[in-house]
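*Asks:* Starting off with a structure, shown below.
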Protein chains: 2
Amino acid sequence: MARYGCVEAGGTKFICAVADEAGNIEAEVRIPTTTPEETLGQALRFFQTQHGLGDAALRSLGVACFGPVDLQTESPTYGMITATPKAGWRMTPVVRFLQEGLGVPVGFDTDVNGAALAEGVWGAGKGLQDFVYVTIGTGIGGGAVVGGRAVHGAMHPEMGHMRIPHDRERDPFAGICPFHGDCWEGLCSGPALRARFGEAAENWPEDHPGWDLAAEYTALAVQNILCTLSPQRILLGGGVMQQARLFPMLRQKTASLLNGYLSAAATAVDLETVIMPPALGSRAGILGGLVLALRAAGVEV
Amino acid sequence: MARYGCVEAGGTKFICAVADEAGNIEAEVRIPTTTPEETLGQALRFFQTQHGLGDAALRSLGVACFGPVDLQTESPTYGMITATPKAGWRMTPVVRFLQEGLGVPVGFDTDVNGAALAEGVWGAGKGLQDFVYVTIGTGIGGGAVVGGRAVHGAMHPEMGHMRIPHDRERDPFAGICPFHGDCWEGLCSGPALRARFGEAAENWPEDHPGWDLAAEYTALAVQNILCTLSPQRILLGGGVMQQARLFPMLRQKTASLLNGYLSAAATAVDLETVIMPPALGSRAGILGGLVLALRAAGVEV
Ligand SMILES: Nc1ncnc2c1ncn2[C@@H]1O[C@H](COP(=O)(O)OP(=O)(O)O)[C@@H](O)[C@H]1O
Ligand SMILES: Nc1ncnc2c1ncn2[C@@H]1O[C@H](COP(=O)(O)OP(=O)(O)O)[C@@H](O)[C@H]1O
Ligand SMILES: [Zn+2]
Ligand SMILES: [Zn+2]
């Protein structure tokens, strides 16, 4: 089988792997994210070592990258990490560096779009053309797939920063988003939940009042995503959504918020196939890199 | 030039026209929306009369239709108006009736998607691949174009029903959406503005406090659309947006809500090319039918 290079480029570490088109991983390294020179240099050396002759060549590379990034292929800053707060990484030409160093086509997208596409090929979005993948962890991010393609638009979606109703009588917490205060991410990311209650959600007891709040805010955001994109399914992953108890609460609250408006999503039972956990777990990131590599090589998945 | 049939199918009237691919209209009739038999029957007779031989034949028909409608081509109810509250119109097979009666391909989409596509071909979205068209009138509807195609998804977007922050101390009005109370449409459609203040917005003086509220709610919704779809532009039309004063207010409020988060949309000046009125006015509906007819005939616009 042909061999492809895959990168999950995160703010803490880069995972680099070589895989075949079925997703079998042949080699993998983890590189701490330090400076662009050091981290990208190590990634490139790994792929150069893996890049053999003939059938052993890497056909292409795919990078699912932390952002913000420039995804406009006709833009002069295409393939760069742009206005990131991460020290030293502003305007890093990720695609150009790897492409010139390795001489193979390089596919590029955000980490969350990569994960969404991977879920669409091998995971909980398999067979769907229109779905959304959301991660609720250190931040809240969303990737939208429309007609089988990740939505980019002018930049790329930043769903965590949508505005949702916030009843300050019930929840006086002001939110922690440095831009918006109480946007969805400001109210409901892992760090927001910890800041509000003084304890990280992974340590909360089952009857902690934070679960109901987290489910409530997420249900409001889910209604907005359903109304704006009309996806067939919304997958919710990330650290906070590891709590399986959130799913029934979220379905119940979404059904009661929608209040029968979308007839296909009238009850929590209807929503069992609409609001779901992703299936690839921590593999979604690197498999996202693989989908991008495959498409860069012209393989339709 | 080839001739195409176009329908703007509304809850009050059907506009039927014959046009060429440049949008020149050769004949047009207005038919009141009574029963499906009567209204669709009259529409069909108009097109049969117009349908000549050879070059005078109608190559196809396009219908931009009030909803909700089924847009899934593989669905048994494709091309129907589905769960509408409009008496007598539930499960009306619009596409099948016209297609069997006329024997030409029939393109079909929602009225708002049709208008969005028309703005993309001839109007204020010309040259853009990713934009949104919103109408704020009797209801609030939004059509999203992604990669040049109207987003359908599981059904079609219903952006008016998104949830936005509602400060009940400032604005105690409960909202008029029968499903959600204070969703965007419930707070900010023409009838919502009238119900809140006892007078329709077209009669408000310039210093009426409702303008600020309408701009505020719409700015919140615009932020959500920007974060979810990342469009290059959002066009806002419909009766309420006839008030040109709303545009500068809306840009100012959106810029201050975003608070620098999207660097390309940091100021009200940046937003002058992002938040804009549509260009086709009341012609968007029938020209939407024309885009759908052209695409149904395989003409790429
Ligand atoms: N099992 C859990 N239950 C609830 N919250 C969790 C759990 N695991 C991690 N978190 C929270 O999720 C956040 C980390 O998110 P995660 O998705 O693991 O990483 P990242 O977003 O950085 O990739 C932290 O704020 C943490 O408190
Ligand atoms: N010039 C105007 N200024 C403010 N509001 C208006 C204006 N014209 C119409 N409206 C409001 O818009 C609504 C009608 O919307 P419109 O887009 O004209 O029709 P529809 O949505 O039914 O196609 C009414 O509620 C009306 O009060
Ligand atoms: Zn925010
Ligand atoms: Zn509503």
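Chain labels A, B, ... are given in the sequence in which chains occur in the structure tokens; within each chain residues are numbered consecutively from 1, and ligands are likewise numbered from 1 in the order shown.
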Contacts from chain B to chain A, 6 Å maximum, only C-alpha atoms: show me the residue list as a list in words.
*Replies:*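 Taken together, these residues fit the definition: Asp130, Gly153, Ala154, His156, Pro157, Glu158, Met159, Met162, Ile164, Pro165, Phe179, Asn224, Cys227, Thr228, Leu229, Ser230, Pro231, Gln232 and Asn259 of chain B.
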*Asks:* Just the residues within 8 Å of segment 61-65 of chain B, please, counting only C-alpha atoms, with nothing from its chain fewer than 5 positions along; format it as number ranges by chain.
*Replies:* B: 4-10, 104-115, 285-286, 288-294, 296
*Asks:* Would you save the residues of that selection, restricted to N, CA, C and O atoms, as an mmCIF file, in the first residue's frame?
*Replies:*
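Everything below was put into selection_28.cif:
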```cif
data_model
loop_
_atom_site.group_PDB
_atom_site.id
_atom_site.type_symbol
_atom_site.label_atom_id
_atom_site.label_comp_id
_atom_site.auth_asym_id
_atom_site.auth_seq_id
_atom_site.Cartn_x
_atom_site.Cartn_y
_atom_site.Cartn_z
ATOM 1 N N TYR B 4 -36.108 30.192 -19.901
ATOM 2 C CA TYR B 4 -36.242 29.434 -18.659
ATOM 3 C C TYR B 4 -37.466 29.911 -17.888
ATOM 4 O O TYR B 4 -37.759 31.109 -17.872
ATOM 5 N N GLY B 5 -38.147 28.978 -17.232
ATOM 6 C CA GLY B 5 -39.273 29.341 -16.371
ATOM 7 C C GLY B 5 -38.814 29.535 -14.938
ATOM 8 O O GLY B 5 -37.991 28.757 -14.433
ATOM 9 N N CYS B 6 -39.299 30.578 -14.273
ATOM 10 C CA CYS B 6 -38.858 30.899 -12.910
ATOM 11 C C CYS B 6 -40.088 31.109 -12.040
ATOM 12 O O CYS B 6 -41.025 31.794 -12.451
ATOM 13 N N VAL B 7 -40.047 30.556 -10.845
ATOM 14 C CA VAL B 7 -41.146 30.744 -9.904
ATOM 15 C C VAL B 7 -40.610 31.228 -8.565
ATOM 16 O O VAL B 7 -39.682 30.636 -8.015
ATOM 17 N N GLU B 8 -41.209 32.307 -8.077
ATOM 18 C CA GLU B 8 -41.013 32.700 -6.693
ATOM 19 C C GLU B 8 -42.308 32.329 -5.986
ATOM 20 O O GLU B 8 -43.322 33.007 -6.138
ATOM 21 N N ALA B 9 -42.265 31.224 -5.254
ATOM 22 C CA ALA B 9 -43.473 30.686 -4.640
ATOM 23 C C ALA B 9 -43.565 31.176 -3.207
ATOM 24 O O ALA B 9 -42.839 30.706 -2.331
ATOM 25 N N GLY B 10 -44.437 32.148 -2.957
ATOM 26 C CA GLY B 10 -44.561 32.734 -1.624
ATOM 27 C C GLY B 10 -45.886 32.385 -0.979
ATOM 28 O O GLY B 10 -46.807 31.897 -1.646
ATOM 29 N N VAL B 104 -40.156 19.262 -18.273
ATOM 30 C CA VAL B 104 -38.777 19.782 -18.321
ATOM 31 C C VAL B 104 -38.165 19.612 -16.929
ATOM 32 O O VAL B 104 -38.893 19.432 -15.950
ATOM 33 N N PRO B 105 -36.825 19.659 -16.828
ATOM 34 C CA PRO B 105 -36.204 19.551 -15.502
ATOM 35 C C PRO B 105 -36.644 20.707 -14.603
ATOM 36 O O PRO B 105 -36.801 21.828 -15.076
ATOM 37 N N VAL B 106 -36.850 20.414 -13.323
ATOM 38 C CA VAL B 106 -37.275 21.439 -12.369
ATOM 39 C C VAL B 106 -36.248 21.557 -11.245
ATOM 40 O O VAL B 106 -35.971 20.576 -10.548
ATOM 41 N N GLY B 107 -35.664 22.732 -11.080
ATOM 42 C CA GLY B 107 -34.783 23.003 -9.936
ATOM 43 C C GLY B 107 -35.610 23.521 -8.775
ATOM 44 O O GLY B 107 -36.634 24.172 -8.990
ATOM 45 N N PHE B 108 -35.174 23.245 -7.569
ATOM 46 C CA PHE B 108 -36.018 23.543 -6.406
ATOM 47 C C PHE B 108 -35.151 23.888 -5.210
ATOM 48 O O PHE B 108 -34.136 23.233 -4.964
ATOM 49 N N ASP B 109 -35.522 24.938 -4.488
ATOM 50 C CA ASP B 109 -34.820 25.271 -3.244
ATOM 51 C C ASP B 109 -35.725 26.202 -2.441
ATOM 52 O O ASP B 109 -36.806 26.564 -2.907
ATOM 53 N N THR B 110 -35.278 26.589 -1.267
ATOM 54 C CA THR B 110 -36.072 27.535 -0.470
ATOM 55 C C THR B 110 -36.008 28.924 -1.100
ATOM 56 O O THR B 110 -35.078 29.247 -1.852
ATOM 57 N N ASP B 111 -36.967 29.762 -0.745
ATOM 58 C CA ASP B 111 -36.979 31.143 -1.237
ATOM 59 C C ASP B 111 -35.692 31.877 -0.832
ATOM 60 O O ASP B 111 -35.075 32.575 -1.645
ATOM 61 N N VAL B 112 -35.280 31.679 0.405
ATOM 62 C CA VAL B 112 -34.121 32.422 0.872
ATOM 63 C C VAL B 112 -32.826 31.885 0.240
ATOM 64 O O VAL B 112 -31.929 32.669 -0.113
ATOM 65 N N ASN B 113 -32.739 30.577 0.019
ATOM 66 C CA ASN B 113 -31.566 30.053 -0.695
ATOM 67 C C ASN B 113 -31.556 30.561 -2.135
ATOM 68 O O ASN B 113 -30.494 30.903 -2.674
ATOM 69 N N GLY B 114 -32.718 30.585 -2.769
ATOM 70 C CA GLY B 114 -32.802 31.127 -4.128
ATOM 71 C C GLY B 114 -32.304 32.568 -4.170
ATOM 72 O O GLY B 114 -31.482 32.945 -5.020
ATOM 73 N N ALA B 115 -32.780 33.378 -3.241
ATOM 74 C CA ALA B 115 -32.365 34.787 -3.206
ATOM 75 C C ALA B 115 -30.855 34.885 -2.965
ATOM 76 O O ALA B 115 -30.169 35.711 -3.587
ATOM 77 N N GLY B 285 -36.083 37.276 -5.453
ATOM 78 C CA GLY B 285 -36.906 36.065 -5.409
ATOM 79 C C GLY B 285 -37.026 35.406 -6.776
ATOM 80 O O GLY B 285 -36.708 34.220 -6.941
ATOM 81 N N ILE B 286 -37.452 36.162 -7.770
ATOM 82 C CA ILE B 286 -37.679 35.568 -9.090
ATOM 83 C C ILE B 286 -36.339 35.203 -9.746
ATOM 84 O O ILE B 286 -36.230 34.177 -10.432
ATOM 85 N N GLY B 288 -33.843 34.200 -8.100
ATOM 86 C CA GLY B 288 -33.501 32.937 -7.429
ATOM 87 C C GLY B 288 -34.083 31.764 -8.203
ATOM 88 O O GLY B 288 -33.404 30.766 -8.466
ATOM 89 N N GLY B 289 -35.346 31.899 -8.614
ATOM 90 C CA GLY B 289 -35.948 30.857 -9.447
ATOM 91 C C GLY B 289 -35.141 30.639 -10.719
ATOM 92 O O GLY B 289 -34.930 29.504 -11.155
ATOM 93 N N LEU B 290 -34.632 31.741 -11.296
ATOM 94 C CA LEU B 290 -33.846 31.617 -12.530
ATOM 95 C C LEU B 290 -32.532 30.864 -12.298
ATOM 96 O O LEU B 290 -32.158 29.999 -13.101
ATOM 97 N N VAL B 291 -31.818 31.162 -11.215
ATOM 98 C CA VAL B 291 -30.580 30.409 -10.940
ATOM 99 C C VAL B 291 -30.898 28.914 -10.822
ATOM 100 O O VAL B 291 -30.184 28.068 -11.377
ATOM 101 N N LEU B 292 -31.982 28.596 -10.128
ATOM 102 C CA LEU B 292 -32.341 27.185 -9.948
ATOM 103 C C LEU B 292 -32.703 26.549 -11.287
ATOM 104 O O LEU B 292 -32.347 25.396 -11.552
ATOM 105 N N ALA B 293 -33.376 27.311 -12.158
ATOM 106 C CA ALA B 293 -33.707 26.794 -13.490
ATOM 107 C C ALA B 293 -32.431 26.570 -14.309
ATOM 108 O O ALA B 293 -32.257 25.527 -14.948
ATOM 109 N N LEU B 294 -31.533 27.536 -14.263
ATOM 110 C CA LEU B 294 -30.285 27.415 -15.039
ATOM 111 C C LEU B 294 -29.502 26.181 -14.584
ATOM 112 O O LEU B 294 -29.055 25.377 -15.399
ATOM 113 N N ALA B 296 -30.645 23.580 -13.077
ATOM 114 C CA ALA B 296 -31.379 22.354 -13.435
ATOM 115 C C ALA B 296 -31.152 21.997 -14.896
ATOM 116 O O ALA B 296 -31.211 20.829 -15.281
#
```
*Asks:* List all protein, DNA and RNA residues that have any atom at most 9 Å from ligand 2, counting only C-alpha atoms and all ligand atoms, and write the list as a ChimeraX atom specification.
*Replies:* /B:10-12,135-141,189-194,199-204,237-244
*Asks:* Which residue gives the smallest distance to ligand 3 among A:Thr273, A:Asp182, A:Ser282, A:Arg196, with only C-alpha atoms and all ligand atoms counted?
*Replies:*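 Residue with the minimum atom-to-atom distance to ligand 3: A:Asp182.
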*Asks:* What's around Pro248 of chain A at 10 Å? Count only C-alpha atoms, leave out sequence neighbours fewer than 5 positions away in its own chain, and write the answer as a PyMOL selection string.
*Replies:* chain A and resi 215+253-254+268-269+271-272+275-276
*Asks:* Work out how far apart atom CA of Pro36 of chain B and atom CA of Val94 of chain B are and give it in Å to one decimal.
*Replies:*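 Calculated distance between atom CA of Pro36 of chain B and atom CA of Val94 of chain B is 8.6 Å.
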